[in-house]
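Shown here: input-v9.cif, mmCIF, C-alpha atoms.
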data_my_file
#
loop_
_atom_site.label_atom_id
_atom_site.label_comp_id
_atom_site.auth_asym_id
_atom_site.auth_seq_id
_atom_site.Cartn_x
_atom_site.Cartn_y
_atom_site.Cartn_z
CA MET A 1 155.57 102.75 -44.24
CA ARG A 2 158.40 103.72 -41.87
CA ASN A 3 158.14 101.97 -38.52
CA GLU A 4 159.38 104.34 -35.81
CA MET A 5 160.00 101.45 -33.41
CA MET A 6 162.83 100.21 -35.65
CA TYR A 7 164.76 103.40 -34.97
CA ARG A 8 164.43 103.58 -31.18
CA PRO A 9 166.95 101.04 -29.88
CA ILE A 10 166.39 99.56 -26.42
CA ILE A 11 170.08 98.77 -25.88
CA ASN A 12 173.34 100.71 -26.20
CA GLU A 13 173.67 101.98 -29.78
CA ASP A 14 177.30 100.85 -30.10
CA ILE A 15 176.33 97.31 -29.14
CA LEU A 16 173.31 97.48 -31.44
CA ASN A 17 175.47 98.59 -34.37
CA TYR A 18 177.89 95.74 -33.67
CA LEU A 19 175.08 93.18 -33.58
CA ARG A 20 173.70 94.45 -36.87
CA THR A 21 176.94 94.88 -38.82
CA GLU A 22 179.50 92.40 -37.47
CA GLN A 23 177.45 89.23 -37.34
CA LYS A 24 177.29 87.08 -40.48
CA GLN A 25 175.27 88.82 -43.18
CA LEU A 26 172.72 87.26 -45.50
CA THR A 27 173.74 86.65 -49.09
CA GLY A 28 172.03 86.10 -52.41
CA LYS A 29 168.45 87.09 -53.13
CA LEU A 30 167.47 86.94 -49.46
CA GLY A 31 170.29 89.32 -48.56
CA ASP A 32 169.15 91.64 -51.34
CA LEU A 33 165.58 91.54 -49.99
CA GLU A 34 166.79 92.43 -46.48
CA ALA A 35 168.86 95.32 -47.81
CA VAL A 36 166.01 96.74 -49.89
CA ALA A 37 163.63 96.46 -46.93
CA HIS A 38 166.00 98.41 -44.68
CA GLU A 39 166.69 101.02 -47.36
CA ASN A 40 162.96 101.66 -47.75
CA GLY A 41 162.06 101.49 -44.06
CA VAL A 42 159.93 98.36 -44.51
CA PRO A 43 159.31 96.83 -41.04
CA VAL A 44 161.16 93.50 -41.23
CA ILE A 45 162.98 91.88 -38.34
CA PRO A 46 166.35 93.55 -37.63
CA HIS A 47 169.57 91.70 -38.32
CA GLU A 48 170.27 90.74 -34.71
CA THR A 49 166.92 88.94 -34.69
CA VAL A 50 167.71 87.39 -38.06
CA VAL A 51 170.89 85.81 -36.70
CA PHE A 52 169.17 84.61 -33.53
CA LEU A 53 166.27 83.11 -35.48
CA GLN A 54 168.66 81.25 -37.78
CA PHE A 55 170.52 79.81 -34.79
CA LEU A 56 167.33 78.80 -32.97
CA LEU A 57 165.82 77.10 -36.01
CA LYS A 58 169.00 75.16 -36.75
CA GLN A 59 168.87 73.76 -33.22
CA LYS A 60 165.13 73.10 -33.19
CA LYS A 61 164.87 71.75 -36.76
CA PRO A 62 161.09 72.27 -37.02
CA LYS A 63 159.16 70.52 -39.77
CA ASN A 64 155.89 72.41 -39.47
CA VAL A 65 156.02 76.18 -38.93
CA LEU A 66 153.31 78.81 -38.50
CA GLU A 67 153.87 82.54 -38.93
CA ILE A 68 151.36 85.24 -38.00
CA GLY A 69 152.15 88.41 -39.91
CA THR A 70 153.69 87.81 -43.34
CA ALA A 71 154.39 91.42 -44.38
CA ILE A 72 156.64 91.22 -47.48
CA GLY A 73 157.55 87.60 -46.75
CA PHE A 74 161.07 88.22 -45.46
CA SER A 75 160.80 86.26 -42.20
CA ALA A 76 158.99 83.35 -43.84
CA SER A 77 161.65 83.25 -46.55
CA LEU A 78 164.42 83.36 -43.95
CA MET A 79 162.84 80.48 -42.04
CA ALA A 80 162.27 78.46 -45.21
CA GLU A 81 165.88 78.82 -46.34
CA THR A 82 167.17 78.03 -42.84
CA ILE A 83 165.20 74.84 -42.19
CA GLY A 84 165.26 73.46 -45.72
CA LYS A 85 162.87 72.01 -48.27
CA ASP A 86 161.57 69.19 -46.06
CA ALA A 87 159.82 71.68 -43.75
CA LYS A 88 156.58 73.49 -44.48
CA ILE A 89 155.62 77.02 -43.49
CA THR A 90 152.12 78.45 -43.19
CA THR A 91 151.94 82.23 -42.94
CA ILE A 92 148.98 84.55 -42.40
CA ASP A 93 148.40 88.15 -43.49
CA ARG A 94 145.37 90.31 -44.15
CA PHE A 95 146.79 93.29 -46.05
CA PRO A 96 146.43 92.99 -49.86
CA VAL A 97 149.49 95.14 -50.60
CA MET A 98 151.70 93.01 -48.35
CA ILE A 99 150.21 89.77 -49.68
CA GLU A 100 151.01 90.78 -53.26
CA LYS A 101 154.61 91.67 -52.37
CA ALA A 102 155.08 88.49 -50.34
CA LYS A 103 153.87 86.30 -53.20
CA LYS A 104 156.32 87.96 -55.58
CA ASN A 105 159.16 87.47 -53.13
CA PHE A 106 158.28 83.80 -52.54
CA ASP A 107 158.28 83.26 -56.33
CA ALA A 108 161.59 85.08 -56.76
CA LEU A 109 163.18 82.95 -54.03
CA ASP A 110 161.64 79.72 -55.39
CA LEU A 111 159.72 79.16 -52.16
CA ALA A 112 156.14 79.16 -53.44
CA GLU A 113 155.73 75.41 -52.96
CA GLN A 114 157.25 75.40 -49.47
CA VAL A 115 155.33 78.40 -48.10
CA THR A 116 151.53 78.51 -47.87
CA LEU A 117 150.12 82.03 -47.57
CA LEU A 118 146.69 82.27 -45.96
CA GLU A 119 144.91 85.50 -46.79
CA GLY A 120 142.69 86.97 -44.08
CA ASP A 121 142.52 88.01 -40.46
CA ALA A 122 144.42 85.79 -38.06
CA ALA A 123 141.54 86.22 -35.60
CA ASP A 124 139.38 84.24 -38.04
CA LEU A 125 141.96 81.87 -39.50
CA LEU A 126 143.74 80.63 -36.38
CA SER A 127 140.68 78.75 -35.15
CA THR A 128 140.56 76.80 -38.44
CA LEU A 129 144.10 75.45 -38.10
CA GLU A 130 144.82 72.06 -36.56
CA GLY A 131 148.61 71.94 -36.21
CA PRO A 132 150.55 70.83 -34.36
CA TYR A 133 153.28 73.32 -35.21
CA ASP A 134 156.82 72.77 -33.99
CA PHE A 135 157.57 76.48 -34.22
CA ILE A 136 155.32 79.55 -34.34
CA PHE A 137 156.57 83.06 -35.12
CA MET A 138 154.17 85.88 -34.25
CA ASP A 139 154.97 89.34 -35.59
CA SER A 140 151.64 91.03 -36.23
CA ALA A 141 149.43 93.64 -34.57
CA LYS A 142 150.92 94.06 -31.10
CA SER A 143 147.55 94.77 -29.51
CA LYS A 144 146.34 91.35 -30.73
CA TYR A 145 149.11 89.26 -29.15
CA ILE A 146 147.07 88.55 -26.04
CA THR A 147 144.05 87.67 -28.22
CA PHE A 148 146.01 85.31 -30.47
CA LEU A 149 147.93 83.64 -27.63
CA PRO A 150 145.34 80.95 -26.69
CA GLU A 151 144.95 79.75 -30.28
CA CYS A 152 148.73 79.77 -30.78
CA LEU A 153 149.16 77.60 -27.70
CA ARG A 154 146.36 75.30 -28.86
CA VAL A 155 148.13 74.48 -32.13
CA LEU A 156 151.66 74.54 -30.69
CA ALA A 157 153.24 71.11 -30.32
CA ASP A 158 153.92 69.97 -26.75
CA ASP A 159 157.64 70.47 -27.32
CA GLY A 160 157.16 73.45 -29.65
CA ILE A 161 158.39 77.02 -29.33
CA LEU A 162 156.36 80.19 -29.77
CA MET A 163 158.51 83.21 -30.66
CA VAL A 164 156.89 86.64 -30.40
CA ASP A 165 158.54 89.76 -31.81
CA ASP A 166 158.31 93.44 -30.80
CA ILE A 167 157.11 93.11 -27.21
CA PHE A 168 158.71 96.18 -25.60
CA GLN A 169 157.15 98.99 -27.68
CA ALA A 170 160.51 100.76 -28.13
CA GLY A 171 161.22 100.38 -24.43
CA THR A 172 158.06 102.19 -23.32
CA VAL A 173 155.99 99.15 -22.33
CA LEU A 174 156.80 99.53 -18.61
CA GLN A 175 156.10 103.25 -18.43
CA PRO A 176 152.92 104.44 -16.67
CA ILE A 177 150.09 104.47 -19.17
CA GLU A 178 149.53 108.18 -18.48
CA GLU A 179 152.92 108.86 -20.11
CA ILE A 180 151.96 106.98 -23.28
CA PRO A 181 150.41 108.92 -26.21
CA ARG A 182 146.70 108.18 -26.34
CA LYS A 183 146.99 106.60 -29.80
CA ASN A 184 149.35 103.96 -28.36
CA ARG A 185 147.57 103.21 -25.09
CA ALA A 186 145.59 100.22 -26.35
CA ILE A 187 148.80 98.60 -27.57
CA HIS A 188 150.50 99.45 -24.26
CA ARG A 189 147.68 97.93 -22.21
CA HIS A 190 147.40 94.74 -24.28
CA LEU A 191 151.16 94.20 -24.42
CA ASN A 192 151.28 94.42 -20.64
CA GLU A 193 148.48 91.87 -20.42
CA PHE A 194 150.43 89.61 -22.77
CA LEU A 195 153.67 89.97 -20.81
CA THR A 196 151.92 89.22 -17.54
CA GLU A 197 150.34 86.09 -18.98
CA VAL A 198 153.48 84.63 -20.54
CA THR A 199 155.76 85.41 -17.58
CA LYS A 200 153.39 84.46 -14.74
CA SER A 201 151.29 81.58 -16.05
CA PRO A 202 152.17 78.27 -14.31
CA GLU A 203 151.38 76.51 -17.59
CA LEU A 204 154.12 78.30 -19.54
CA THR A 205 157.87 78.74 -19.52
CA SER A 206 159.18 81.91 -21.12
CA THR A 207 162.27 84.03 -21.57
CA LEU A 208 162.47 87.63 -22.78
CA LEU A 209 165.37 88.87 -24.90
CA PRO A 210 166.44 92.44 -25.83
CA LEU A 211 166.67 91.72 -29.55
CA GLY A 212 165.25 94.39 -31.81
CA ASP A 213 162.22 95.73 -29.98
CA GLY A 214 162.17 92.69 -27.70
CA VAL A 215 161.53 88.99 -28.27
CA ALA A 216 159.65 86.45 -26.15
CA LEU A 217 160.26 82.71 -26.36
CA ILE A 218 157.43 80.63 -24.93
CA SER A 219 156.90 76.91 -24.42
CA LYS A 220 154.17 74.86 -22.76
CA ASN A 221 154.85 73.03 -19.53
CA LYS A 222 154.02 69.37 -19.97
#
Show me, as structure tokens, the structure contained in the file I just sent.
Amino acid sequence: MRNEMMYRPIINEDILNYLRTEQKQLTGKLGDLEAVAHENGVPVIPHETVVFLQFLLKQKKPKNVLEIGTAIGFSASLMAETIGKDAKITTIDRFPVMIEKAKKNFDALDLAEQVTLLEGDAADLLSTLEGPYDFIFMDSAKSKYITFLPECLRVLADDGILMVDDIFQAGTVLQPIEEIPRKNRAIHRHLNEFLTEVTKSPELTSTLLPLGDGVALISKNK
């Protein structure tokens, strides 16, 4: 279950350690969940992304949130606790093991009524959603980002924000594809297509941040 990308920092390791250890830590059951995930190598967002996401959500104050890629439910739980009981979160995952763990975590954190977990492939489910969503967090199969992007933009509110995690493939995304192991070339190619679309499209405004394995923030131009 270990995710090698979590252990290949794209910035100076001293700075990375500072970002992960000196910024305000999570407490309570959510803090315990984060600690257990890191101890067991479960691929949850790193702490520098946690802190950034908390800050962003407190400024945005979204009421309707969509997440693509639930995993064990850590990010959805973090968002739910940050934005409060008045907001609703819909999250999508297709892996039965992750779905079972996420449900248990939502119950343990008393979030089952606030978070709706849709079970199935996002490729099938996204087209059934109506939105609009004030905030969308995408952290799923990296090769599918470019595929999911049009549907995400369709259901994103005009003033909404789409946040996409893990866009730099441990810093290798800009390397020539010939230098990429064959097993990772499809991800490399599709991530480059995604980056080109979100940075060059006249219909979008985006910014890329070196948090974790890279974060993209995207909004629609009105």
Item to complete: Show which residues sit within 12 Å of Thr196 in chain A, as a ChimeraX atom specification. Count all atoms listed in the file, and ignore same-chain residues fewer than 3 positions away.
Response: /A:145-146,167,173-174,189-193,199-202,204,206,208,216
Now that the selection is made, can you save its residues with C-alpha atoms as a short mmCIF file (atom, residue, chain, number, x, y, z; two decimals), in the coordinates of the input?
data_model
loop_
_atom_site.label_atom_id
_atom_site.label_comp_id
_atom_site.auth_asym_id
_atom_site.auth_seq_id
_atom_site.Cartn_x
_atom_site.Cartn_y
_atom_site.Cartn_z
CA TYR A 145 149.11 89.26 -29.15
CA ILE A 146 147.07 88.55 -26.04
CA ILE A 167 157.11 93.11 -27.21
CA VAL A 173 155.99 99.15 -22.33
CA LEU A 174 156.80 99.53 -18.61
CA ARG A 189 147.68 97.93 -22.21
CA HIS A 190 147.40 94.74 -24.28
CA LEU A 191 151.16 94.20 -24.42
CA ASN A 192 151.28 94.42 -20.64
CA GLU A 193 148.48 91.87 -20.42
CA THR A 199 155.76 85.41 -17.58
CA LYS A 200 153.39 84.46 -14.74
CA SER A 201 151.29 81.58 -16.05
CA PRO A 202 152.17 78.27 -14.31
CA LEU A 204 154.12 78.30 -19.54
CA SER A 206 159.18 81.91 -21.12
CA LEU A 208 162.47 87.63 -22.78
CA ALA A 216 159.65 86.45 -26.15
#
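Closest to Ala71 in chain A among A:Gly160, A:Pro132, A:Pro43, A:Gly31 is A:Pro43, based on only C-alpha atoms.
A straight line drawn from CA of Lys24 in chain A to CA of Val51 in chain A is 7.5 Å long.
The nearest approach to Asp107 in chain A among the residues A:Glu39, A:Ser77, A:Ile187, A:Leu57, with all atoms listed in the file taken into account, belongs to A:Ser77.
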Discussion item. So, with only C-alpha atoms as the atoms that count, which of A:Ala141, A:Leu162, A:Ile177, A:Leu117 lies closest to Leu56 in chain A?
Written reply: A:Leu162
Discussion item. As an exercise, work out the distance from CA of Leu209 in chain A to CA of Asp121 in chain A in Å and give it to one decimal place.
Written reply: 27.7 Å
Discussion item. Residues near Leu118 in chain A, anyone? I mean within 10 Å using all atoms listed in the file, not counting same-chain ones fewer than 4 positions away, as a count of residues only.
Written reply: 10
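Residues matching the PyMOL selection byres ((chain A and resi 10) around 12) in this structure come to Met5, Met6, Tyr7, Arg8, Pro9, Ile11, Asn12, Glu13, Asp14, Ile15, Leu16, Asp166, Ile167, Phe168, Gln169, Ala170, Gly171, Thr172, Val173, Leu209, Pro210, Leu211, Gly212, Asp213, Gly214 and Val215 of chain A.
Using only C-alpha atoms, the shortest contact distance between Leu149 in chain A and any of A:Asp134, A:Ala102, A:Lys220, A:Lys85 is found at A:Lys220.
You will find CA of Leu66 in chain A at 14.8 Å from CA of Glu81 in chain A.
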Worksheet item: A:Leu53, A:Leu30, A:Val198, A:Val44: which is nearest Asp139 in chain A, counting all atoms listed in the file?
Response: A:Val44
Box in all listed atoms of range 63-76 of chain A, axis-aligned, with 6 Å more on each side; write out centre and edge lengths in Å to one decimal as AutoDock Vina command-line options.
--center_x 156.2 --center_y 81.0 --center_z -42.7 --size_x 21.7 --size_y 32.9 --size_z 21.5
Item to complete: Check which residues satisfy the PyMOL selection byres ((chain A and resi 113) around 12) in the file shown, then give them as a VMD selection string.
Response: chain A and resid 77 80 85 to 90 103 106 to 112 114 to 117
Item to complete: Skip Glu67 in chain A itself and residues of its chain fewer than 6 positions away, then list as a VMD selection string all residues within 6 Å of it, counting all atoms listed in the file.
Response: chain A and resid 91 136 to 138
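Among the candidates A:Leu78, A:Leu26, A:Leu217, A:Ala123, the one nearest to Lys144 in chain A when counting only C-alpha atoms is A:Ala123.
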Hey, what's within 12 Å of range 157-159 of chain A if we count only C-alpha atoms and toss same-chain stuff fewer than 6 positions away? As a compact mmCIF listing (two decimals) with C-alpha atoms, keeping the file's coordinate frame, please?
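Ended up saving to out24.txt:
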# COMPACT_ATOMS: atom_id res chain seq x y z
CA LYS A 60 165.13 73.10 -33.19
CA LYS A 61 164.87 71.75 -36.76
CA PRO A 62 161.09 72.27 -37.02
CA LYS A 63 159.16 70.52 -39.77
CA ASN A 64 155.89 72.41 -39.47
CA VAL A 65 156.02 76.18 -38.93
CA LEU A 66 153.31 78.81 -38.50
CA GLU A 130 144.82 72.06 -36.56
CA GLY A 131 148.61 71.94 -36.21
CA PRO A 132 150.55 70.83 -34.36
CA TYR A 133 153.28 73.32 -35.21
CA ASP A 134 156.82 72.77 -33.99
CA PHE A 135 157.57 76.48 -34.22
CA ILE A 136 155.32 79.55 -34.34
CA GLU A 151 144.95 79.75 -30.28
CA GLU A 203 151.38 76.51 -17.59
CA LEU A 204 154.12 78.30 -19.54
CA THR A 205 157.87 78.74 -19.52
CA ILE A 218 157.43 80.63 -24.93
CA SER A 219 156.90 76.91 -24.42
CA LYS A 220 154.17 74.86 -22.76
CA ASN A 221 154.85 73.03 -19.53
CA LYS A 222 154.02 69.37 -19.97
